[in-house]
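I have placed the structure first, in the form of structure tokens, so that the comments after it can refer back to it.
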Amino acid sequence: MIHRNTAGPVRSLKFVILLVALSPELLSLGAGVQLRDNGYDGLLVAINPQVSEDQNLIPNIKEMVTEASFYLFNATKRRVFFRSIKILIPATWKANNYSKVKQESYEKANVIVANWYGAHGDDPYTLQYRGCGKEGKYIHFTSDFLLNDDLTAGYGSRGRVFVHEWAHLRWGVFDEYNNEKPFYINGQNQIKVTRCSSDITGIFVCEKGPCPQENCIISKLFKEGCMFLYNSTQNATASIMFMQSLSSVVEFCNASTHNQEAPNLQNQMCSLRSAWDVITDSADFHHSFPMNGPELPPPPTFSLVQAGNKVVCLVLDVSSKMAEADRLLRLQQAAEFYLMQIVEIHTFVGIASFNSKGEIRAQLHQINNDDDRKLLVSYLPATVSAEAETSICSGLKKGFEVVEKLDGKAHGSVMILVTSGDDEHVGNCLLSVHSSGSTIHTIALGSSAVENLEELSHLTGGLKFFVPDKSNSNSMIDAFSRISSGTGDIFQQHIQLESTGENVQPHHQLKNTVTVDNSVGNDTAFLVTWQSSGPPEIVLSDPNGRKYYTDDFITNLTLQTARLRIPGTAKPGLWTYTLNNTHHSLQALKVTVTSHASSSAMPPATVEAFVERDSTHFPHPMMIYANVRKGFYPILNATVTATIEPETGDPVTLQLFDDGAGADVIQNDGIYSRYFFSFTVNGRYSLKVRVRHSASVSDLAHSIPGSHAMYVPGYIANGNIQMNAPRKSVGRSQEEQKWGFSRMSSGGSFTVLGVPAGPHPDVFPPCKIIDLEAAKVEEEVTLSWTAPGEDLDQGQANSYEIRMSKSLKNIQDDFNNAILVNTSKLTPRQAGTKETFTFSPRLFTNGPEHQPKGETQESNRIYVAIRAIDRNSLKSAVSNIAQASLFIPPNSTPALARDRLILKGVLTAMGLIGIICLTIVVTHCILNRKKTADKKENGTKLL
């Protein structure tokens with residue numbers, strides 16, 4: 001077990017003190033949007049390069065945010081507004097005296113403007129991947145939403161929509177409507193439309209006009225041709241998270257106006273708390289107070305920035321520490337791969353190195369062809385120095401000199417800093433790093449790299465990576481592969497399909513397949529690297545059986561790499577590679593495969609791996625995420641595996657899930673998640689994610705998940721029905737998928753501290769159940785949920801505790817004293833498994849129960865919650881509260897039940913009619929026989 005020495009915390013404290021002393025602005029860098037003196041600064045709106053240039057787009061963005069600022073100020077009771085906004089203009093647009101970018105990039109944007117690929121739809125939405133009260137990933141607007149004024153009829157004004165989405169993004173509140181559950185039965189046994197607040201009024205509308213609600217409801221849905229339309233004129237002032245388009249709505253639902261019974265995401269995710277309660281509990285509101293006086297805040301200021309030339313400088317450690325564990329060789333292999341295959345064409349690239357002093361190895365060269373790439377490779381350091389001392393600041397200083405040769409400034413440039421050294425003076429160059437306008441990506445090699453290295457990435461918005469000292473680890477190449485231009489143009493960026501490494505025994509082989517799907521294939525490259533002896537024997541087979549051998553690869557014996565670029569577009573299907581270790585000693589063999597999009601009409605599948613935060617302290621777990629998408633459409637049913645490598649010890653593999661349970665907040669949103677808490681040592685951990693998808697499984701979601709602004713189909717105005725244009729579909733077109741796909745991505749690194757030296761105590765209870773649902777089936781209630789684990793979302797819990805109440809307030813405020821349901825026959829299943837449990841509520845609700853003021857015992861609605869318990873009696877948090885109605889109002893009988901009653905009545909009537917008919921027939925026959933007998937008798941008498 002390795003622990004940091006005691007100097008570490010002291011040095012970290014000095015580093016923080018130095019940060020504060022140097023400049024207060026440094027503390028806010030790298031943290032995105034900042035709230036100061038009630039105003040938000042640093043909001044970044046980025047336009048995707050695929051969006052066509054339109055002279056109205058930027059003015060409309062400005063108008064939207066300006067309106068939003070005043071609307072937000074009033075909605076938050078004079079608390080917050082937008083002060084300064086940056087709009088990132090694509091480099092593909094014409095230059096127009098825009099400022100040059102510093103550290104802004106499309107990938108860092110809070111708001112993106114991008115269009116769907118191959119589909120039409122304009123729903124503004126926010127990608128929320130964490131729980132209640134947590135920030136989301138980004139807000140997404142289409143250019144059509146920002147340009148087409150006709151859409152405001154359905155969505156409301158753009159400024160109002162922006163505030164709705166901002167609340168999702170910044171404060172982690174959720175939508176208060178529910179298209180899947182448009183109505184519910186309340187505690188007074190009345191059918192109500194899902195809304196917040198309940199004071200918002202409207203009527204049911206059928207095809208030909210207003211109609212009673214019983215004509216519109218089928219089971220849990222609206223009958224086709226029916227909908228609920230709201231009155232355009234309202235008295236209700238809430239809520240922005242329900243229907244921001246209503247002119248009367250100017251505030252968020254608070255404790256007095258919030259509808260706790262409505263089956264919406266806000267209630268489910270936030271434990272029935274109102275949006276305003278969640279918002280006021282945020283850090284923003286802890287550090288701000290309402291502004292005094294009647295004055296409005298000033299309108300926002302906007303700055304327009306545009307990326308210029310792409311400029312990169314490699315800043316590489318050549319101290320004697322780089323001789324350990326083949327660090328220099330692995331750096332050379334990864335840097336060659338980056339220069340030959342990853343860095344985009346027309347990029348300017350330079351190289352600097354450092355030990356105790358910095359040195360310029362190559363001035364800027366623009367990459368226009370392969371010869372330019374090879375020339376830069378020749379400048380990579382070939383040997384290490386005798387000095388163990390490292391001066392990171394000296395290396396960065398030389399890097400800045402290199403990039404400033406182009407136009408006098410380092411604005412918009414990228415530094416890739418690779419080091420294994422421990423430099424206690426790294427804080428000396430924080431001011432120059434801040435003022436440079438450059439983004440610094442850091443790659444730490446081994447356990448001796450300076451602890452505070454990642455601060456350089458944090459301050460400049462760069463990525464951070466850790467490469468363990470393991471011969472079969474491909475983390476160095478994965479790190480370089482993750483670093484892209486950040487423009488957001490997926491069609492110009494490389495896609496990593498494969499990354500693997502193994503220690504192969506003598507005369508054994510590493511054999512596997514990689515899928516090249518039809519969305520990629522251009523500029524496909526296979527890279528093979530080895531750490532000792534000569535090259536392995538390579539055999540590569542394409543899907544048609546054509547074979548490539550070692551001689552077909554371009555081999556660099558000095559760097560111990562072999563590279564093959566497939567001409568044209570690689571054939572889609574399974575490619576099989578075999579690496580034979582023909583030597584008499586163990587060989588560390590590694591394979592990396594990259595490709596580019598095959599067509600600009602179809603975006604390739606991508607994976608973005610990331611963690612919740614930069615560091616954690618035991619016993620707090622780390623949440624690991626993988627965003628798997630094709631364009632903006634989530635990819636479902638993929639097999640997503642995370643590999644986490646500590647500084648020492650074996651890597652840990654962890655399967656990630658998109659099941660809406662445990663660490664995963666929203667089911668089927670394409671973001672696969674899991675808790676990671678298998679900490680073995682203190683220090684840095686490296687993350688890599690592998691995605692595989694079978695061709696036989698449906699892969700794309702049919703809609704875009706996320707927190708959407710509601711599109712209103714129409715209103716009731718002055719008693720008249722006024723319909724809006726039908727909402728555009730965001731459904732995707734079906735695509736033929738024959739081969740599935742495979743993807744790899746580095747998720748960077750994170751740091752863990754406080755790991756105990758001995759065996760870890762059991763400190764992890766089962767995770768909270770967040771998807772509990774209840775449904776009445778005849779006289780019973782069936783519960784369903786996803787099983788938590790023994791430890792958070794892993795393993796198998798020991799037991800469940802289910803409680804119910806006829807009072808929502810009782811079970812919400814005092815779960816422990818709610819009615820206990822007998823679960824003796826319920827054994828928890830493996831985490832991630834769907835659980836069901838059926839019980840008869842009549843067995844538990846016949847006895848007396850205290851009813852809060854305003855609630856009546858006649859309520860036939862029950863509320864149920866659950867928590868899991870592990871073998872050491874650690875209990876999970878109480879789940880979301882599910883509700884079920886034990887009574888269906890007579891005047892609102894759902895049509896399915898009503899149809900059964902009608903059918904039963906019809907059958908009964910038919911039965912009665914049948915009996916009557918049979919009686920008549922039998923009587924008629926008897927009378928006829930009697931008449932016949934009488935005639936015969938009379939005839940005999942006559943004779």
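If you're wondering about the labels, chains in the structure tokens are A, B, ... by order shown, residues count from 1 in each chain, ligands from 1 in order shown.
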
**Message:** Could you list, as an NGL selection string, every residue within 7 Å of range 795-810 of chain A, counting only C-alpha atoms and ignoring same-chain residues fewer than 6 positions away?
**Reply:** :A and (766 or 788-789 or 818-821 or 823 or 827-831 or 851 or 861-871)

Notebook entry, point to check: as a ChimeraX atom specification, which residues of range 713-838 of chain A does DSSP assign to helix (DSSP H, G or I)?
Noted result: /A:808-813,815-817

Would you export the selected residues with N, CA, C and O atoms as an mmCIF file, in the first residue's frame, please?
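Generated file (out12.cif):
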```cif
data_model
loop_
_atom_site.group_PDB
_atom_site.id
_atom_site.type_symbol
_atom_site.label_atom_id
_atom_site.label_comp_id
_atom_site.auth_asym_id
_atom_site.auth_seq_id
_atom_site.Cartn_x
_atom_site.Cartn_y
_atom_site.Cartn_z
ATOM 1 N N LEU A 808 -49.799 11.363 2.401
ATOM 2 C CA LEU A 808 -48.532 11.699 1.770
ATOM 3 C C LEU A 808 -47.587 12.369 2.761
ATOM 4 O O LEU A 808 -46.388 12.062 2.814
ATOM 5 N N LYS A 809 -48.122 13.255 3.581
ATOM 6 C CA LYS A 809 -47.290 13.979 4.548
ATOM 7 C C LYS A 809 -46.699 13.020 5.576
ATOM 8 O O LYS A 809 -45.536 13.153 5.965
ATOM 9 N N ASN A 810 -47.499 12.049 6.017
ATOM 10 C CA ASN A 810 -47.000 11.097 7.022
ATOM 11 C C ASN A 810 -45.779 10.345 6.523
ATOM 12 O O ASN A 810 -44.765 10.244 7.217
ATOM 13 N N ILE A 811 -45.870 9.783 5.326
ATOM 14 C CA ILE A 811 -44.772 8.947 4.843
ATOM 15 C C ILE A 811 -43.578 9.796 4.417
ATOM 16 O O ILE A 811 -42.426 9.362 4.479
ATOM 17 N N GLN A 812 -43.855 11.024 4.013
ATOM 18 C CA GLN A 812 -42.765 11.911 3.614
ATOM 19 C C GLN A 812 -41.975 12.396 4.820
ATOM 20 O O GLN A 812 -40.746 12.409 4.817
ATOM 21 N N ASP A 813 -42.682 12.767 5.896
ATOM 22 C CA ASP A 813 -42.025 13.360 7.057
ATOM 23 C C ASP A 813 -41.585 12.338 8.094
ATOM 24 O O ASP A 813 -40.675 12.606 8.881
ATOM 25 N N PHE A 815 -41.155 8.457 7.799
ATOM 26 C CA PHE A 815 -41.176 7.129 7.174
ATOM 27 C C PHE A 815 -41.164 6.025 8.233
ATOM 28 O O PHE A 815 -41.858 5.019 8.104
ATOM 29 N N ASN A 816 -40.387 6.191 9.291
ATOM 30 C CA ASN A 816 -40.212 5.126 10.285
ATOM 31 C C ASN A 816 -41.502 4.770 11.008
ATOM 32 O O ASN A 816 -41.619 3.670 11.549
ATOM 33 N N ASN A 817 -42.451 5.673 11.043
ATOM 34 C CA ASN A 817 -43.712 5.402 11.736
ATOM 35 C C ASN A 817 -44.872 5.137 10.784
ATOM 36 O O ASN A 817 -46.020 5.038 11.228
#
```

Kindly assemble as a tab-separated table a list of the range 494-592 of chain A residues that lie within 12 Å of range 312-327 of chain A, each paired with its nearest atom pair and their distance in Å to one decimal, using only C-alpha atoms, sorted first by chain and then by ascending residue number.
```
residue	atom	partner	partner_atom	distance
A:Trp530	CA	A:Asp326	CA	10.9
A:Gln531	CA	A:Asp326	CA	7.7
A:Ser532	CA	A:Asp326	CA	9.8
A:Leu559	CA	A:Asp326	CA	11.3
A:Gln560	CA	A:Asp326	CA	11.7
A:Ala588	CA	A:Asp326	CA	11.5
```

Please, could you write that set of residues out with all heavy atoms as a short mmCIF file (atom, residue, chain, number, x, y, z; two decimals), in the first residue's frame?
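Just written: result_34.cif:
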```
data_model
loop_
_atom_site.label_atom_id
_atom_site.label_comp_id
_atom_site.auth_asym_id
_atom_site.auth_seq_id
_atom_site.Cartn_x
_atom_site.Cartn_y
_atom_site.Cartn_z
N TRP A 530 5.36 -2.28 -29.18
CA TRP A 530 5.94 -3.30 -28.31
C TRP A 530 7.00 -2.65 -27.45
O TRP A 530 7.51 -1.58 -27.76
CB TRP A 530 6.49 -4.48 -29.11
CG TRP A 530 7.55 -4.10 -30.11
CD1 TRP A 530 8.89 -4.17 -29.94
CD2 TRP A 530 7.35 -3.61 -31.45
NE1 TRP A 530 9.56 -3.74 -31.07
CE2 TRP A 530 8.62 -3.39 -32.02
CE3 TRP A 530 6.21 -3.33 -32.23
CZ2 TRP A 530 8.80 -2.91 -33.31
CZ3 TRP A 530 6.39 -2.86 -33.52
CH2 TRP A 530 7.67 -2.65 -34.05
N GLN A 531 7.35 -3.28 -26.34
CA GLN A 531 8.27 -2.66 -25.38
C GLN A 531 9.65 -3.30 -25.37
O GLN A 531 10.58 -2.72 -24.83
CB GLN A 531 7.68 -2.75 -23.96
CG GLN A 531 6.37 -2.01 -23.78
CD GLN A 531 6.44 -0.56 -24.17
OE1 GLN A 531 5.82 -0.14 -25.15
NE2 GLN A 531 7.21 0.21 -23.46
N SER A 532 9.79 -4.49 -25.90
CA SER A 532 11.10 -5.16 -25.88
C SER A 532 11.24 -6.07 -27.08
O SER A 532 10.25 -6.42 -27.74
CB SER A 532 11.27 -5.96 -24.58
OG SER A 532 10.25 -6.94 -24.48
N LEU A 559 11.43 3.54 -32.45
CA LEU A 559 10.30 3.82 -31.57
C LEU A 559 9.48 2.58 -31.25
O LEU A 559 8.55 2.65 -30.43
CB LEU A 559 9.39 4.88 -32.20
CG LEU A 559 10.03 6.24 -32.53
CD1 LEU A 559 8.98 7.21 -33.05
CD2 LEU A 559 10.74 6.82 -31.32
N GLN A 560 9.81 1.47 -31.91
CA GLN A 560 9.13 0.19 -31.70
C GLN A 560 7.62 0.30 -31.96
O GLN A 560 6.78 -0.04 -31.14
CB GLN A 560 9.41 -0.33 -30.28
CG GLN A 560 10.89 -0.61 -30.07
CD GLN A 560 11.28 -1.02 -28.66
OE1 GLN A 560 12.42 -0.89 -28.27
NE2 GLN A 560 10.34 -1.54 -27.89
N ALA A 588 5.28 -7.06 -24.09
CA ALA A 588 4.10 -6.22 -23.90
C ALA A 588 3.67 -5.72 -25.27
O ALA A 588 4.35 -4.89 -25.88
CB ALA A 588 4.42 -5.06 -22.97
#
```

Leaving out range 88-102 of chain A and any residue of its chain fewer than 2 positions from it, which residues lie within 7 Å of it when counting only C-alpha atoms, given as an mmCIF file with N, CA and C atoms, in the first residue's frame?
```
data_model
loop_
_atom_site.group_PDB
_atom_site.id
_atom_site.type_symbol
_atom_site.label_atom_id
_atom_site.label_comp_id
_atom_site.auth_asym_id
_atom_site.auth_seq_id
_atom_site.Cartn_x
_atom_site.Cartn_y
_atom_site.Cartn_z
ATOM 1 N N VAL A 45 -21.853 30.508 -24.942
ATOM 2 C CA VAL A 45 -22.769 29.981 -25.954
ATOM 3 C C VAL A 45 -21.940 29.667 -27.199
ATOM 4 N N ALA A 46 -21.974 28.419 -27.654
ATOM 5 C CA ALA A 46 -21.136 28.020 -28.797
ATOM 6 C C ALA A 46 -22.005 27.522 -29.936
ATOM 7 N N ILE A 47 -21.681 27.973 -31.136
ATOM 8 C CA ILE A 47 -22.403 27.574 -32.347
ATOM 9 C C ILE A 47 -21.622 26.468 -33.037
ATOM 10 N N ASN A 48 -22.298 25.359 -33.343
ATOM 11 C CA ASN A 48 -21.644 24.226 -33.992
ATOM 12 C C ASN A 48 -21.183 24.589 -35.397
ATOM 13 N N PRO A 49 -19.992 24.103 -35.820
ATOM 14 C CA PRO A 49 -19.495 24.416 -37.167
ATOM 15 C C PRO A 49 -20.416 23.956 -38.293
ATOM 16 N N GLU A 53 -24.170 29.788 -41.671
ATOM 17 C CA GLU A 53 -24.040 31.164 -41.222
ATOM 18 C C GLU A 53 -25.323 31.926 -41.534
ATOM 19 N N LYS A 86 -20.277 35.133 -23.524
ATOM 20 C CA LYS A 86 -19.429 34.988 -24.701
ATOM 21 C C LYS A 86 -20.138 34.094 -25.710
ATOM 22 N N GLU A 104 -11.674 29.360 -24.665
ATOM 23 C CA GLU A 104 -13.027 28.912 -24.972
ATOM 24 C C GLU A 104 -12.990 27.850 -26.069
ATOM 25 N N LEU A 304 -18.046 38.515 -28.776
ATOM 26 C CA LEU A 304 -18.040 37.501 -29.830
ATOM 27 C C LEU A 304 -16.606 37.062 -30.076
ATOM 28 N N VAL A 305 -16.370 35.767 -29.961
ATOM 29 C CA VAL A 305 -15.018 35.242 -30.152
ATOM 30 C C VAL A 305 -15.046 34.170 -31.230
ATOM 31 N N GLN A 306 -13.924 34.045 -31.932
ATOM 32 C CA GLN A 306 -13.825 33.074 -33.025
ATOM 33 C C GLN A 306 -12.440 32.462 -33.008
ATOM 34 N N ALA A 307 -12.389 31.153 -33.219
ATOM 35 C CA ALA A 307 -11.096 30.465 -33.247
ATOM 36 C C ALA A 307 -10.334 30.833 -34.510
ATOM 37 N N GLY A 308 -9.031 31.020 -34.356
ATOM 38 C CA GLY A 308 -8.169 31.284 -35.510
ATOM 39 C C GLY A 308 -7.463 30.001 -35.917
ATOM 40 N N HIS A 411 -2.903 33.146 -27.358
ATOM 41 C CA HIS A 411 -4.351 32.982 -27.266
ATOM 42 C C HIS A 411 -4.845 31.849 -28.172
ATOM 43 N N GLY A 412 -5.684 30.956 -27.602
ATOM 44 C CA GLY A 412 -6.281 29.887 -28.394
ATOM 45 C C GLY A 412 -5.370 28.702 -28.635
ATOM 46 N N GLY A 437 -3.680 32.739 -22.165
ATOM 47 C CA GLY A 437 -4.816 32.414 -23.040
ATOM 48 C C GLY A 437 -4.695 31.051 -23.658
ATOM 49 N N SER A 438 -3.758 30.235 -23.188
ATOM 50 C CA SER A 438 -3.539 28.892 -23.724
ATOM 51 C C SER A 438 -4.249 27.863 -22.850
#
```

Would you mind listing what lies within 12 Å of Pro726 in chain A as an mmCIF file with N, CA and C atoms, in the first residue's frame, with only C-alpha atoms counted and same-chain residues fewer than 3 positions away left out?
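So around_25.cif came out as:
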```
data_model
loop_
_atom_site.group_PDB
_atom_site.id
_atom_site.type_symbol
_atom_site.label_atom_id
_atom_site.label_comp_id
_atom_site.auth_asym_id
_atom_site.auth_seq_id
_atom_site.Cartn_x
_atom_site.Cartn_y
_atom_site.Cartn_z
ATOM 1 N N GLY A 121 -36.785 18.730 -35.645
ATOM 2 C CA GLY A 121 -37.359 18.920 -34.323
ATOM 3 C C GLY A 121 -36.665 20.102 -33.681
ATOM 4 N N ASP A 122 -37.367 20.801 -32.840
ATOM 5 C CA ASP A 122 -36.796 22.039 -32.299
ATOM 6 C C ASP A 122 -36.960 22.165 -30.794
ATOM 7 N N ASP A 150 -42.299 31.766 -35.509
ATOM 8 C CA ASP A 150 -43.578 31.059 -35.389
ATOM 9 C C ASP A 150 -43.569 30.073 -34.224
ATOM 10 N N LEU A 151 -42.384 29.606 -33.829
ATOM 11 C CA LEU A 151 -42.302 28.599 -32.768
ATOM 12 C C LEU A 151 -42.628 29.172 -31.395
ATOM 13 N N ALA A 153 -45.184 30.598 -30.467
ATOM 14 C CA ALA A 153 -46.583 30.343 -30.111
ATOM 15 C C ALA A 153 -46.703 29.091 -29.260
ATOM 16 N N GLY A 154 -45.883 28.095 -29.551
ATOM 17 C CA GLY A 154 -45.965 26.834 -28.815
ATOM 18 C C GLY A 154 -45.046 26.754 -27.618
ATOM 19 N N TYR A 155 -43.865 27.380 -27.720
ATOM 20 C CA TYR A 155 -42.892 27.292 -26.639
ATOM 21 C C TYR A 155 -42.925 28.506 -25.703
ATOM 22 N N TYR A 711 -43.906 22.045 -25.326
ATOM 23 C CA TYR A 711 -44.536 22.637 -26.510
ATOM 24 C C TYR A 711 -46.044 22.535 -26.317
ATOM 25 N N VAL A 712 -46.735 23.670 -26.342
ATOM 26 C CA VAL A 712 -48.173 23.704 -26.075
ATOM 27 C C VAL A 712 -48.922 23.571 -27.398
ATOM 28 N N PRO A 713 -49.782 22.544 -27.533
ATOM 29 C CA PRO A 713 -50.466 22.333 -28.824
ATOM 30 C C PRO A 713 -51.492 23.402 -29.139
ATOM 31 N N GLY A 714 -52.012 24.079 -28.101
ATOM 32 C CA GLY A 714 -53.012 25.121 -28.335
ATOM 33 C C GLY A 714 -53.524 25.669 -27.022
ATOM 34 N N MET A 723 -55.477 26.450 -31.985
ATOM 35 C CA MET A 723 -54.436 25.431 -32.073
ATOM 36 C C MET A 723 -53.154 26.012 -32.690
ATOM 37 N N SER A 729 -41.599 16.483 -35.224
ATOM 38 C CA SER A 729 -41.106 15.257 -34.615
ATOM 39 C C SER A 729 -39.590 15.289 -34.529
#
```

Practice item. Name the residues in contact with Gly159 in chain A at a cut-off of 8 Å, using only C-alpha atoms, excluding same-chain residues fewer than 5 positions from it; report them as a ChimeraX atom specification. Key: /A:63-69,71

Margin query: Quick check for you: according to DSSP on this backbone, which residues of range 591-767 of chain A are classed as strand (DSSP E or B)? Reply as JSON, numbers by chain.
Written below: {"A": [591, 592, 593, 594, 595, 596, 597, 605, 606, 607, 608, 609, 610, 611, 615, 616, 617, 622, 623, 624, 625, 626, 627, 628, 629, 630, 633, 634, 635, 639, 640, 641, 642, 643, 644, 645, 646, 652, 653, 654, 655, 656, 657, 671, 672, 673, 674, 675, 676, 683, 684, 685, 686, 687, 688, 689, 690, 691, 692, 693, 700, 707, 708, 714, 715, 716, 717, 720, 721, 722, 723, 741, 742, 743, 744, 745, 746, 747, 748, 749, 750, 751, 752, 753, 766]}
